[in-house]
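Shown next: final25.tsv, given as TSV, C-alpha atoms.
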```
chain	number	residue	atom	x	y	z
G	6	MET	CA	0.00	0.00	0.00
G	7	ALA	CA	1.28	3.40	-0.95
G	8	ILE	CA	-0.14	4.88	2.25
G	9	LEU	CA	2.51	3.15	4.36
G	10	PRO	CA	5.99	4.65	4.61
G	11	PRO	CA	8.35	2.95	2.15
G	12	GLY	CA	11.11	0.74	3.47
G	13	GLU	CA	14.84	1.08	2.92
G	14	ASN	CA	15.96	1.51	-0.68
G	15	TRP	CA	12.45	2.05	-2.01
G	16	PHE	CA	13.76	3.79	-5.10
G	17	HIS	CA	14.12	0.59	-7.11
G	18	GLN	CA	10.88	-0.97	-5.91
G	19	LYS	CA	7.89	-1.17	-8.23
G	20	VAL	CA	5.33	1.63	-7.90
G	21	ALA	CA	2.08	0.32	-6.45
G	22	LYS	CA	-1.03	0.29	-8.65
G	23	ASP	CA	-3.07	2.68	-6.48
G	24	GLU	CA	-0.22	5.19	-6.50
G	25	LYS	CA	-0.08	5.00	-10.29
G	26	ILE	CA	-3.82	5.70	-10.43
G	27	TRP	CA	-3.38	8.78	-8.23
G	28	MET	CA	-0.51	10.03	-10.37
G	29	GLY	CA	-2.63	9.50	-13.49
G	30	LEU	CA	-5.59	11.36	-11.97
G	31	ALA	CA	-3.34	14.28	-10.93
G	32	PHE	CA	-1.88	14.41	-14.45
G	33	VAL	CA	-5.31	14.41	-16.10
G	34	MET	CA	-6.46	17.13	-13.68
G	35	SER	CA	-3.47	19.33	-14.45
G	36	LEU	CA	-4.02	18.89	-18.20
G	37	PHE	CA	-7.68	19.81	-17.78
G	38	LEU	CA	-6.75	22.97	-15.81
G	39	PHE	CA	-4.16	23.91	-18.42
G	40	PHE	CA	-6.63	23.72	-21.31
G	41	TRP	CA	-9.35	25.34	-19.19
G	42	MET	CA	-7.17	28.49	-19.03
G	43	ILE	CA	-7.24	28.70	-22.84
G	44	ILE	CA	-10.96	27.87	-23.10
G	45	TRP	CA	-11.76	30.46	-20.42
G	46	HIS	CA	-9.76	33.12	-22.23
G	47	VAL	CA	-11.52	32.49	-25.54
G	48	TYR	CA	-15.11	31.91	-24.41
G	49	ALA	CA	-15.54	33.68	-21.05
G	50	LYS	CA	-14.50	37.07	-22.49
G	51	GLN	CA	-13.31	38.25	-19.10
G	52	ASN	CA	-9.60	38.53	-19.82
G	53	PRO	CA	-9.26	40.72	-22.89
G	54	SER	CA	-6.30	40.23	-25.18
G	55	PHE	CA	-3.88	43.11	-25.18
G	56	VAL	CA	-0.60	44.28	-26.66
G	57	THR	CA	2.03	46.26	-24.80
G	58	TYR	CA	4.51	48.70	-26.31
G	59	LYS	CA	7.46	50.42	-24.70
G	60	THR	CA	7.27	54.18	-24.61
G	61	THR	CA	8.41	57.15	-22.54
G	62	PRO	CA	6.16	59.61	-20.67
G	63	GLU	CA	7.40	62.38	-23.03
G	64	GLU	CA	6.61	60.38	-26.18
G	65	PHE	CA	3.20	59.28	-24.95
G	66	TYR	CA	2.34	62.82	-23.90
G	67	GLN	CA	3.33	64.07	-27.36
G	68	LEU	CA	1.19	61.41	-29.06
G	69	THR	CA	-1.81	62.14	-26.83
G	70	GLN	CA	-1.53	65.88	-27.51
G	71	ALA	CA	-1.33	65.21	-31.26
G	72	PHE	CA	-4.36	62.90	-30.98
G	73	ILE	CA	-6.31	65.58	-29.07
G	74	GLU	CA	-5.39	68.28	-31.59
G	75	LYS	CA	-6.50	66.08	-34.48
G	76	TYR	CA	-9.92	65.08	-33.18
G	77	LYS	CA	-10.87	67.74	-30.62
G	78	ILE	CA	-14.54	68.84	-30.63
G	79	GLY	CA	-14.73	70.83	-27.42
G	80	GLU	CA	-13.76	71.12	-23.80
G	81	GLU	CA	-15.29	70.07	-20.50
G	82	ASN	CA	-14.00	71.52	-17.21
G	83	GLY	CA	-10.68	72.30	-18.87
G	84	ILE	CA	-10.30	68.79	-20.25
G	85	PRO	CA	-10.46	68.40	-24.04
G	86	VAL	CA	-13.31	66.38	-25.52
G	87	VAL	CA	-12.26	64.23	-28.45
G	88	LYS	CA	-14.27	62.31	-31.04
G	89	PRO	CA	-12.02	59.91	-32.94
G	90	PRO	CA	-13.30	58.11	-36.05
G	91	PRO	CA	-14.34	54.45	-35.58
G	92	GLY	CA	-11.52	51.96	-36.00
G	93	SER	CA	-8.85	54.47	-35.06
G	94	ASP	CA	-6.15	54.51	-32.42
G	95	VAL	CA	-7.37	56.26	-29.28
G	96	PHE	CA	-4.92	57.73	-26.78
G	97	LEU	CA	-5.82	58.10	-23.13
G	98	LEU	CA	-3.38	59.57	-20.67
G	99	GLY	CA	-3.52	59.07	-16.92
G	100	ARG	CA	-1.75	61.57	-14.72
G	101	GLN	CA	-2.01	62.85	-11.17
G	102	PHE	CA	-5.01	63.45	-10.88
G	103	ARG	CA	-6.93	63.37	-14.15
G	104	TRP	CA	-7.65	61.34	-17.25
G	105	GLU	CA	-7.45	63.12	-20.55
G	106	PRO	CA	-9.10	63.50	-22.97
G	107	VAL	CA	-12.84	62.89	-22.57
G	108	LEU	CA	-13.71	60.40	-25.30
G	109	VAL	CA	-16.79	60.39	-27.49
G	110	LEU	CA	-17.19	57.00	-29.14
G	111	LYS	CA	-19.76	55.36	-31.37
G	112	LYS	CA	-21.70	52.35	-30.17
G	113	GLY	CA	-20.77	49.04	-31.82
G	114	GLU	CA	-17.57	50.37	-33.40
G	115	GLU	CA	-14.11	49.10	-32.60
G	116	TYR	CA	-11.32	51.29	-31.23
G	117	ARG	CA	-7.73	50.59	-30.27
G	118	PHE	CA	-7.16	52.15	-26.87
G	119	HIS	CA	-3.62	53.18	-26.02
G	120	ILE	CA	-3.38	53.82	-22.29
G	121	SER	CA	-0.34	54.98	-20.36
G	122	SER	CA	0.62	57.06	-17.36
G	123	LEU	CA	2.69	60.21	-17.19
G	124	ASP	CA	3.87	59.75	-13.63
G	125	VAL	CA	2.93	56.88	-11.30
G	126	LEU	CA	0.93	53.66	-11.47
G	127	HIS	CA	-2.77	54.27	-12.10
G	128	GLY	CA	-5.71	51.92	-12.51
G	129	PHE	CA	-8.02	52.22	-15.51
G	130	SER	CA	-11.45	51.17	-14.37
G	131	ILE	CA	-14.56	51.71	-16.49
G	132	GLN	CA	-17.66	52.11	-14.35
G	133	PRO	CA	-20.32	50.83	-14.05
G	134	VAL	CA	-19.15	48.01	-16.34
G	135	ASN	CA	-16.30	47.32	-13.93
G	136	MET	CA	-13.44	46.55	-16.31
G	137	ASN	CA	-10.07	47.07	-14.67
G	138	PHE	CA	-6.58	47.44	-16.10
G	139	MET	CA	-3.31	48.63	-14.66
G	140	VAL	CA	-1.72	51.68	-16.25
G	141	PHE	CA	2.05	51.89	-16.00
G	142	PRO	CA	4.31	54.78	-16.89
G	143	LYS	CA	6.76	53.90	-19.72
G	144	TYR	CA	4.41	51.22	-21.13
G	145	ASP	CA	1.64	51.69	-23.67
G	146	TYR	CA	-1.15	49.23	-22.93
G	147	VAL	CA	-3.18	48.63	-26.10
G	148	LEU	CA	-6.66	47.27	-25.74
G	149	THR	CA	-9.16	46.62	-28.51
G	150	PHE	CA	-12.43	47.99	-27.29
G	151	ARG	CA	-15.97	47.93	-28.70
G	152	PRO	CA	-18.60	49.76	-26.66
G	153	THR	CA	-21.82	47.78	-26.82
G	154	SER	CA	-24.24	50.16	-25.12
G	155	ALA	CA	-24.72	53.90	-25.32
G	156	GLY	CA	-24.36	56.19	-22.32
G	157	GLU	CA	-21.86	57.96	-20.13
G	158	TYR	CA	-19.19	55.93	-18.42
G	159	ALA	CA	-16.79	57.04	-15.72
G	160	ILE	CA	-13.12	56.15	-15.78
G	161	VAL	CA	-12.07	55.71	-12.18
G	162	CYS	CA	-8.49	55.34	-11.00
G	163	ASN	CA	-8.40	52.19	-8.93
G	164	GLU	CA	-4.73	52.22	-7.87
G	165	PHE	CA	-3.97	54.65	-5.07
G	166	CYS	CA	-1.89	57.30	-6.83
G	167	GLY	CA	-1.63	60.13	-4.32
G	168	ILE	CA	-3.57	62.72	-2.36
G	169	GLY	CA	-6.03	63.51	-5.18
G	170	HIS	CA	-6.61	59.88	-6.18
G	171	HIS	CA	-10.33	60.00	-5.33
G	172	MET	CA	-10.83	62.95	-7.70
G	173	MET	CA	-9.23	61.21	-10.66
G	174	ILE	CA	-12.34	60.54	-12.69
G	175	GLY	CA	-12.47	60.62	-16.48
G	176	LYS	CA	-15.31	60.14	-18.89
G	177	ILE	CA	-16.25	58.10	-21.95
G	178	ILE	CA	-19.41	59.05	-23.82
G	179	VAL	CA	-20.85	56.36	-26.08
G	180	GLU	CA	-23.25	57.65	-28.71
G	181	GLU	CA	-25.84	55.69	-30.68
K	30	MET	CA	30.57	-4.61	3.41
K	31	SER	CA	30.87	-5.01	-0.33
K	32	GLU	CA	27.19	-6.05	-0.55
K	33	GLU	CA	25.96	-2.79	1.05
K	34	ARG	CA	24.22	-0.78	-1.69
K	35	LYS	CA	24.64	2.95	-1.93
K	36	THR	CA	21.37	4.90	-1.53
K	37	PRO	CA	20.40	6.38	-4.91
K	38	PHE	CA	20.77	10.17	-5.14
K	39	LEU	CA	17.13	10.76	-6.11
K	40	GLN	CA	15.97	8.75	-3.10
K	41	LEU	CA	18.00	11.06	-0.86
K	42	VAL	CA	16.30	14.04	-2.49
K	43	PHE	CA	12.77	12.61	-2.28
K	44	ASP	CA	13.21	11.58	1.35
K	45	ASP	CA	14.20	15.08	2.44
K	46	PHE	CA	10.90	16.95	2.61
K	47	ILE	CA	12.51	20.25	3.65
K	48	LEU	CA	14.66	20.09	0.53
K	49	LEU	CA	11.55	19.27	-1.56
K	50	LEU	CA	9.76	22.26	-0.07
K	51	PHE	CA	12.71	24.47	-0.93
K	52	ILE	CA	12.95	23.12	-4.51
K	53	GLY	CA	9.19	23.50	-4.95
K	54	VAL	CA	9.38	27.20	-4.11
K	55	ALA	CA	12.78	28.02	-5.60
K	56	VAL	CA	12.20	26.46	-9.05
K	57	TYR	CA	9.01	28.48	-9.63
K	58	ALA	CA	10.44	31.67	-8.09
K	59	VAL	CA	13.45	31.58	-10.39
K	60	SER	CA	11.64	30.44	-13.55
K	61	TYR	CA	8.80	33.01	-13.16
K	62	LEU	CA	11.36	35.73	-12.50
K	63	ILE	CA	13.27	34.81	-15.65
K	64	TRP	CA	10.03	34.57	-17.64
K	65	GLY	CA	8.99	38.04	-16.43
K	66	LEU	CA	12.37	39.57	-17.27
K	67	MET	CA	12.24	37.99	-20.74
K	68	GLU	CA	8.73	39.41	-21.31
K	69	LEU	CA	9.88	42.86	-20.26
K	70	ALA	CA	12.95	42.70	-22.48
K	71	TRP	CA	10.90	41.68	-25.53
K	72	ILE	CA	8.28	44.45	-25.40
K	73	PRO	CA	8.52	46.34	-28.72
K	74	PRO	CA	8.34	50.16	-29.04
K	75	ILE	CA	5.20	51.85	-30.39
K	76	PRO	CA	5.12	51.08	-34.17
K	77	ASP	CA	6.25	53.91	-36.44
K	78	GLU	CA	2.98	53.84	-38.46
K	79	ILE	CA	1.00	54.84	-35.39
K	80	LYS	CA	3.44	57.63	-34.55
K	81	GLN	CA	3.50	58.87	-38.14
K	82	SER	CA	-0.30	58.92	-38.38
K	83	LEU	CA	-0.44	61.39	-35.49
K	84	LEU	CA	2.83	63.27	-35.61
K	85	GLY	CA	3.15	63.27	-39.40
K	86	ARG	CA	6.84	62.38	-39.47
```

When written as structure tokens, how does the structure in this file appear?
Amino acid sequence: MAILPPGENWFHQKVAKDEKIWMGLAFVMSLFLFFWMIIWHVYAKQNPSFVTYKTTPEEFYQLTQAFIEKYKIGEENGIPVVKPPPGSDVFLLGRQFRWEPVLVLKKGEEYRFHISSLDVLHGFSIQPVNMNFMVFPKYDYVLTFRPTSAGEYAIVCNEFCGIGHHMMIGKIIVEE
Amino acid sequence: MSEERKTPFLQLVFDDFILLLFIGVAVYAVSYLIWGLMELAWIPPIPDEIKQSLLGR
């Protein structure tokens, strides 16, 4: 019986049948869990695929400013409001303590979000849908995003980033 | 004395549960660290097409 401690020089003894069954079951279970990760990723749609690029805060700031200049349609509380065409690259910058720009998107259209931080670690959290992503300085996190319902969504920072963290709220407007 | 068999090396390893505990933690700590460093090293810069489309150069 495998449950009893093995005697001296057990290494060359034959493995008992029940132990082999347990090893087989553990192997099958680990294979199942391995493939479940892939199945979950494809079908559960809870872990979106993303791409990451290296950047610098200066470069990302420059790109965001160019993006804002190109598609700006107005301003809200000093923050530019931008309406990029569907299918385009969208730049969103997190900094202490604001998100910019405010984005106006079209329902059902796909956008490539580029998100990065100018200073410290921030959390990109779309509410009330509750999607959460970490936003690092020096890395451009690219997320393919298709808004499926119209309305106003808040972008909340969900990584404590300093004294004004609780005021760091951005906005995405999804139009019909 | 000549009939006394030497304990196999792997048996010594498998019988030492503190060593197994250490190996179980250390192997994953080191391999995940290396994996993470490799991932970080292989991140590409933002493609030029994207930069050109906005900055025009």

Hey, could you make a per-residue contact list for chain K against chain G with 12 Å as the cut-off, showing the nearest pair of atoms and its distance in Å to one decimal, counting all atoms listed in the file, sorted by chain and number, as CSV?
```
residue,atom,partner,partner_atom,distance
K:Glu33,CA,G:Asn14,CA,11.0
K:Arg34,CA,G:Asn14,CA,8.6
K:Lys35,CA,G:Asn14,CA,8.9
K:Thr36,CA,G:Asn14,CA,6.4
K:Pro37,CA,G:Phe16,CA,7.1
K:Phe38,CA,G:Phe16,CA,9.5
K:Leu39,CA,G:Phe16,CA,7.8
K:Gln40,CA,G:Phe16,CA,5.8
K:Leu41,CA,G:Phe16,CA,9.4
K:Val42,CA,G:Phe16,CA,10.9
K:Phe43,CA,G:Phe16,CA,9.3
K:Asp44,CA,G:Pro11,CA,9.9
K:Glu68,CA,G:Thr57,CA,10.2
K:Leu69,CA,G:Lys59,CA,9.1
K:Ala70,CA,G:Lys59,CA,9.7
K:Trp71,CA,G:Lys59,CA,9.4
K:Ile72,CA,G:Tyr58,CA,5.8
K:Pro73,CA,G:Tyr58,CA,5.2
K:Pro74,CA,G:Lys59,CA,4.4
K:Ile75,CA,G:Tyr58,CA,5.2
K:Pro76,CA,G:Tyr58,CA,8.2
K:Asp77,CA,G:Tyr58,CA,11.5
K:Glu78,CA,G:Asp94,CA,11.0
K:Ile79,CA,G:Asp94,CA,7.7
K:Lys80,CA,G:Leu68,CA,7.0
K:Gln81,CA,G:Leu68,CA,9.7
K:Ser82,CA,G:Phe72,CA,9.3
K:Leu83,CA,G:Ala71,CA,5.8
K:Leu84,CA,G:Ala71,CA,6.3
K:Gly85,CA,G:Ala71,CA,9.5
K:Arg86,CA,G:Leu68,CA,11.9
```

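Separating CA of Lys77 in chain G from CA of Gly128 in chain G is a distance of 24.6 Å.
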
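Between CA of Gly99 in chain G and CA of Tyr66 in chain G the separation is 9.9 Å.
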
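The space separating CA of Ile43 in chain G from CA of Pro142 in chain G comes to 29.1 Å.
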
message: So that I can check the surroundings of Ser130 in chain G, please list as a list in words every protein, DNA and RNA residue that reaches within 7 Å of it, counting all atoms listed in the file and ignoring chain neighbours fewer than 4 positions away.
response: Asn135, Met136, Asn137, Phe138, Ile160, Val161, Cys162 and Asn163 of chain G

task: Quick one: everything within 9 Å of Phe150 in chain G, counting all atoms listed in the file, minus sequence neighbours fewer than 5 positions away in the same chain. Send it as a VMD selection string.
output: chain G and resid 114 to 118

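Proximity of G:Ile131, G:Val109, G:Leu97, G:Ala49 to Ala155 in chain G, computed with only C-alpha atoms, is greatest for G:Val109.
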
Residue completion, range 66-99 of chain G, N, CA and C atoms, as a PDB file, in the coordinates of the input:
```pdb
ATOM      1  N   TYR G  66       2.984  61.523 -24.060  1.00  0.00           N
ATOM      2  CA  TYR G  66       2.340  62.820 -23.900  1.00  0.00           C
ATOM      3  C   TYR G  66       2.213  63.513 -25.259  1.00  0.00           C
ATOM      4  N   GLN G  67       3.308  63.460 -26.019  1.00  0.00           N
ATOM      5  CA  GLN G  67       3.330  64.070 -27.360  1.00  0.00           C
ATOM      6  C   GLN G  67       2.259  63.439 -28.258  1.00  0.00           C
ATOM      7  N   LEU G  68       2.173  62.114 -28.220  1.00  0.00           N
ATOM      8  CA  LEU G  68       1.190  61.410 -29.060  1.00  0.00           C
ATOM      9  C   LEU G  68      -0.233  61.757 -28.624  1.00  0.00           C
ATOM     10  N   THR G  69      -0.454  61.818 -27.316  1.00  0.00           N
ATOM     11  CA  THR G  69      -1.810  62.140 -26.830  1.00  0.00           C
ATOM     12  C   THR G  69      -2.185  63.571 -27.246  1.00  0.00           C
ATOM     13  N   GLN G  70      -1.239  64.498 -27.126  1.00  0.00           N
ATOM     14  CA  GLN G  70      -1.530  65.880 -27.510  1.00  0.00           C
ATOM     15  C   GLN G  70      -1.844  65.969 -29.009  1.00  0.00           C
ATOM     16  N   ALA G  71      -1.079  65.212 -29.817  1.00  0.00           N
ATOM     17  CA  ALA G  71      -1.330  65.210 -31.260  1.00  0.00           C
ATOM     18  C   ALA G  71      -2.705  64.603 -31.557  1.00  0.00           C
ATOM     19  N   PHE G  72      -3.049  63.550 -30.828  1.00  0.00           N
ATOM     20  CA  PHE G  72      -4.360  62.900 -30.980  1.00  0.00           C
ATOM     21  C   PHE G  72      -5.475  63.876 -30.619  1.00  0.00           C
ATOM     22  N   ILE G  73      -5.289  64.606 -29.507  1.00  0.00           N
ATOM     23  CA  ILE G  73      -6.310  65.580 -29.070  1.00  0.00           C
ATOM     24  C   ILE G  73      -6.471  66.678 -30.114  1.00  0.00           C
ATOM     25  N   GLU G  74      -5.354  67.207 -30.589  1.00  0.00           N
ATOM     26  CA  GLU G  74      -5.390  68.280 -31.590  1.00  0.00           C
ATOM     27  C   GLU G  74      -6.145  67.848 -32.845  1.00  0.00           C
ATOM     28  N   LYS G  75      -5.915  66.589 -33.236  1.00  0.00           N
ATOM     29  CA  LYS G  75      -6.500  66.080 -34.480  1.00  0.00           C
ATOM     30  C   LYS G  75      -8.015  65.918 -34.398  1.00  0.00           C
ATOM     31  N   TYR G  76      -8.505  65.439 -33.251  1.00  0.00           N
ATOM     32  CA  TYR G  76      -9.920  65.080 -33.180  1.00  0.00           C
ATOM     33  C   TYR G  76     -10.728  65.872 -32.148  1.00  0.00           C
ATOM     34  N   LYS G  77     -10.198  66.988 -31.674  1.00  0.00           N
ATOM     35  CA  LYS G  77     -10.870  67.740 -30.620  1.00  0.00           C
ATOM     36  C   LYS G  77     -12.186  68.349 -31.102  1.00  0.00           C
ATOM     37  N   ILE G  78     -13.249  68.224 -30.266  1.00  0.00           N
ATOM     38  CA  ILE G  78     -14.540  68.840 -30.630  1.00  0.00           C
ATOM     39  C   ILE G  78     -15.017  69.825 -29.562  1.00  0.00           C
ATOM     40  N   GLY G  79     -14.307  69.897 -28.470  1.00  0.00           N
ATOM     41  CA  GLY G  79     -14.730  70.830 -27.420  1.00  0.00           C
ATOM     42  C   GLY G  79     -13.926  70.658 -26.152  1.00  0.00           C
ATOM     43  N   GLU G  80     -14.454  71.194 -25.069  1.00  0.00           N
ATOM     44  CA  GLU G  80     -13.760  71.120 -23.800  1.00  0.00           C
ATOM     45  C   GLU G  80     -14.772  70.965 -22.671  1.00  0.00           C
ATOM     46  N   GLU G  81     -14.395  70.242 -21.642  1.00  0.00           N
ATOM     47  CA  GLU G  81     -15.290  70.070 -20.500  1.00  0.00           C
ATOM     48  C   GLU G  81     -14.470  70.218 -19.224  1.00  0.00           C
ATOM     49  N   ASN G  82     -14.755  71.220 -18.438  1.00  0.00           N
ATOM     50  CA  ASN G  82     -14.000  71.520 -17.210  1.00  0.00           C
ATOM     51  C   ASN G  82     -12.486  71.567 -17.456  1.00  0.00           C
ATOM     52  N   GLY G  83     -12.103  72.166 -18.560  1.00  0.00           N
ATOM     53  CA  GLY G  83     -10.680  72.300 -18.870  1.00  0.00           C
ATOM     54  C   GLY G  83     -10.053  71.071 -19.491  1.00  0.00           C
ATOM     55  N   ILE G  84     -10.835  70.022 -19.635  1.00  0.00           N
ATOM     56  CA  ILE G  84     -10.300  68.790 -20.250  1.00  0.00           C
ATOM     57  C   ILE G  84     -10.853  68.673 -21.674  1.00  0.00           C
ATOM     58  N   PRO G  85      -9.977  68.479 -22.661  1.00  0.00           N
ATOM     59  CA  PRO G  85     -10.460  68.400 -24.040  1.00  0.00           C
ATOM     60  C   PRO G  85     -11.392  67.206 -24.272  1.00  0.00           C
ATOM     61  N   VAL G  86     -12.383  67.452 -25.121  1.00  0.00           N
ATOM     62  CA  VAL G  86     -13.310  66.380 -25.520  1.00  0.00           C
ATOM     63  C   VAL G  86     -12.944  65.996 -26.943  1.00  0.00           C
ATOM     64  N   VAL G  87     -12.791  64.713 -27.180  1.00  0.00           N
ATOM     65  CA  VAL G  87     -12.260  64.230 -28.450  1.00  0.00           C
ATOM     66  C   VAL G  87     -13.192  63.197 -29.048  1.00  0.00           C
ATOM     67  N   LYS G  88     -13.409  63.299 -30.360  1.00  0.00           N
ATOM     68  CA  LYS G  88     -14.270  62.310 -31.040  1.00  0.00           C
ATOM     69  C   LYS G  88     -13.488  61.659 -32.166  1.00  0.00           C
ATOM     70  N   PRO G  89     -12.810  60.571 -31.890  1.00  0.00           N
ATOM     71  CA  PRO G  89     -12.020  59.910 -32.940  1.00  0.00           C
ATOM     72  C   PRO G  89     -12.915  59.089 -33.868  1.00  0.00           C
ATOM     73  N   PRO G  90     -12.492  58.924 -35.129  1.00  0.00           N
ATOM     74  CA  PRO G  90     -13.300  58.110 -36.050  1.00  0.00           C
ATOM     75  C   PRO G  90     -13.258  56.624 -35.637  1.00  0.00           C
ATOM     76  N   PRO G  91     -14.332  55.878 -35.927  1.00  0.00           N
ATOM     77  CA  PRO G  91     -14.340  54.450 -35.580  1.00  0.00           C
ATOM     78  C   PRO G  91     -13.162  53.717 -36.213  1.00  0.00           C
ATOM     79  N   GLY G  92     -12.635  52.770 -35.496  1.00  0.00           N
ATOM     80  CA  GLY G  92     -11.520  51.960 -36.000  1.00  0.00           C
ATOM     81  C   GLY G  92     -10.162  52.596 -35.791  1.00  0.00           C
ATOM     82  N   SER G  93     -10.136  53.773 -35.188  1.00  0.00           N
ATOM     83  CA  SER G  93      -8.850  54.470 -35.060  1.00  0.00           C
ATOM     84  C   SER G  93      -8.138  54.152 -33.744  1.00  0.00           C
ATOM     85  N   ASP G  94      -6.912  54.638 -33.656  1.00  0.00           N
ATOM     86  CA  ASP G  94      -6.150  54.510 -32.420  1.00  0.00           C
ATOM     87  C   ASP G  94      -6.553  55.655 -31.483  1.00  0.00           C
ATOM     88  N   VAL G  95      -6.902  55.283 -30.266  1.00  0.00           N
ATOM     89  CA  VAL G  95      -7.370  56.260 -29.280  1.00  0.00           C
ATOM     90  C   VAL G  95      -6.335  56.363 -28.173  1.00  0.00           C
ATOM     91  N   PHE G  96      -5.941  57.567 -27.832  1.00  0.00           N
ATOM     92  CA  PHE G  96      -4.920  57.730 -26.780  1.00  0.00           C
ATOM     93  C   PHE G  96      -5.551  58.307 -25.530  1.00  0.00           C
ATOM     94  N   LEU G  97      -5.291  57.644 -24.413  1.00  0.00           N
ATOM     95  CA  LEU G  97      -5.820  58.100 -23.130  1.00  0.00           C
ATOM     96  C   LEU G  97      -4.669  58.167 -22.133  1.00  0.00           C
ATOM     97  N   LEU G  98      -4.522  59.334 -21.559  1.00  0.00           N
ATOM     98  CA  LEU G  98      -3.380  59.570 -20.670  1.00  0.00           C
ATOM     99  C   LEU G  98      -3.864  59.693 -19.228  1.00  0.00           C
ATOM    100  N   GLY G  99      -3.234  58.946 -18.350  1.00  0.00           N
ATOM    101  CA  GLY G  99      -3.520  59.070 -16.920  1.00  0.00           C
ATOM    102  C   GLY G  99      -2.406  59.847 -16.265  1.00  0.00           C
TER     103      GLY G  99
END
```
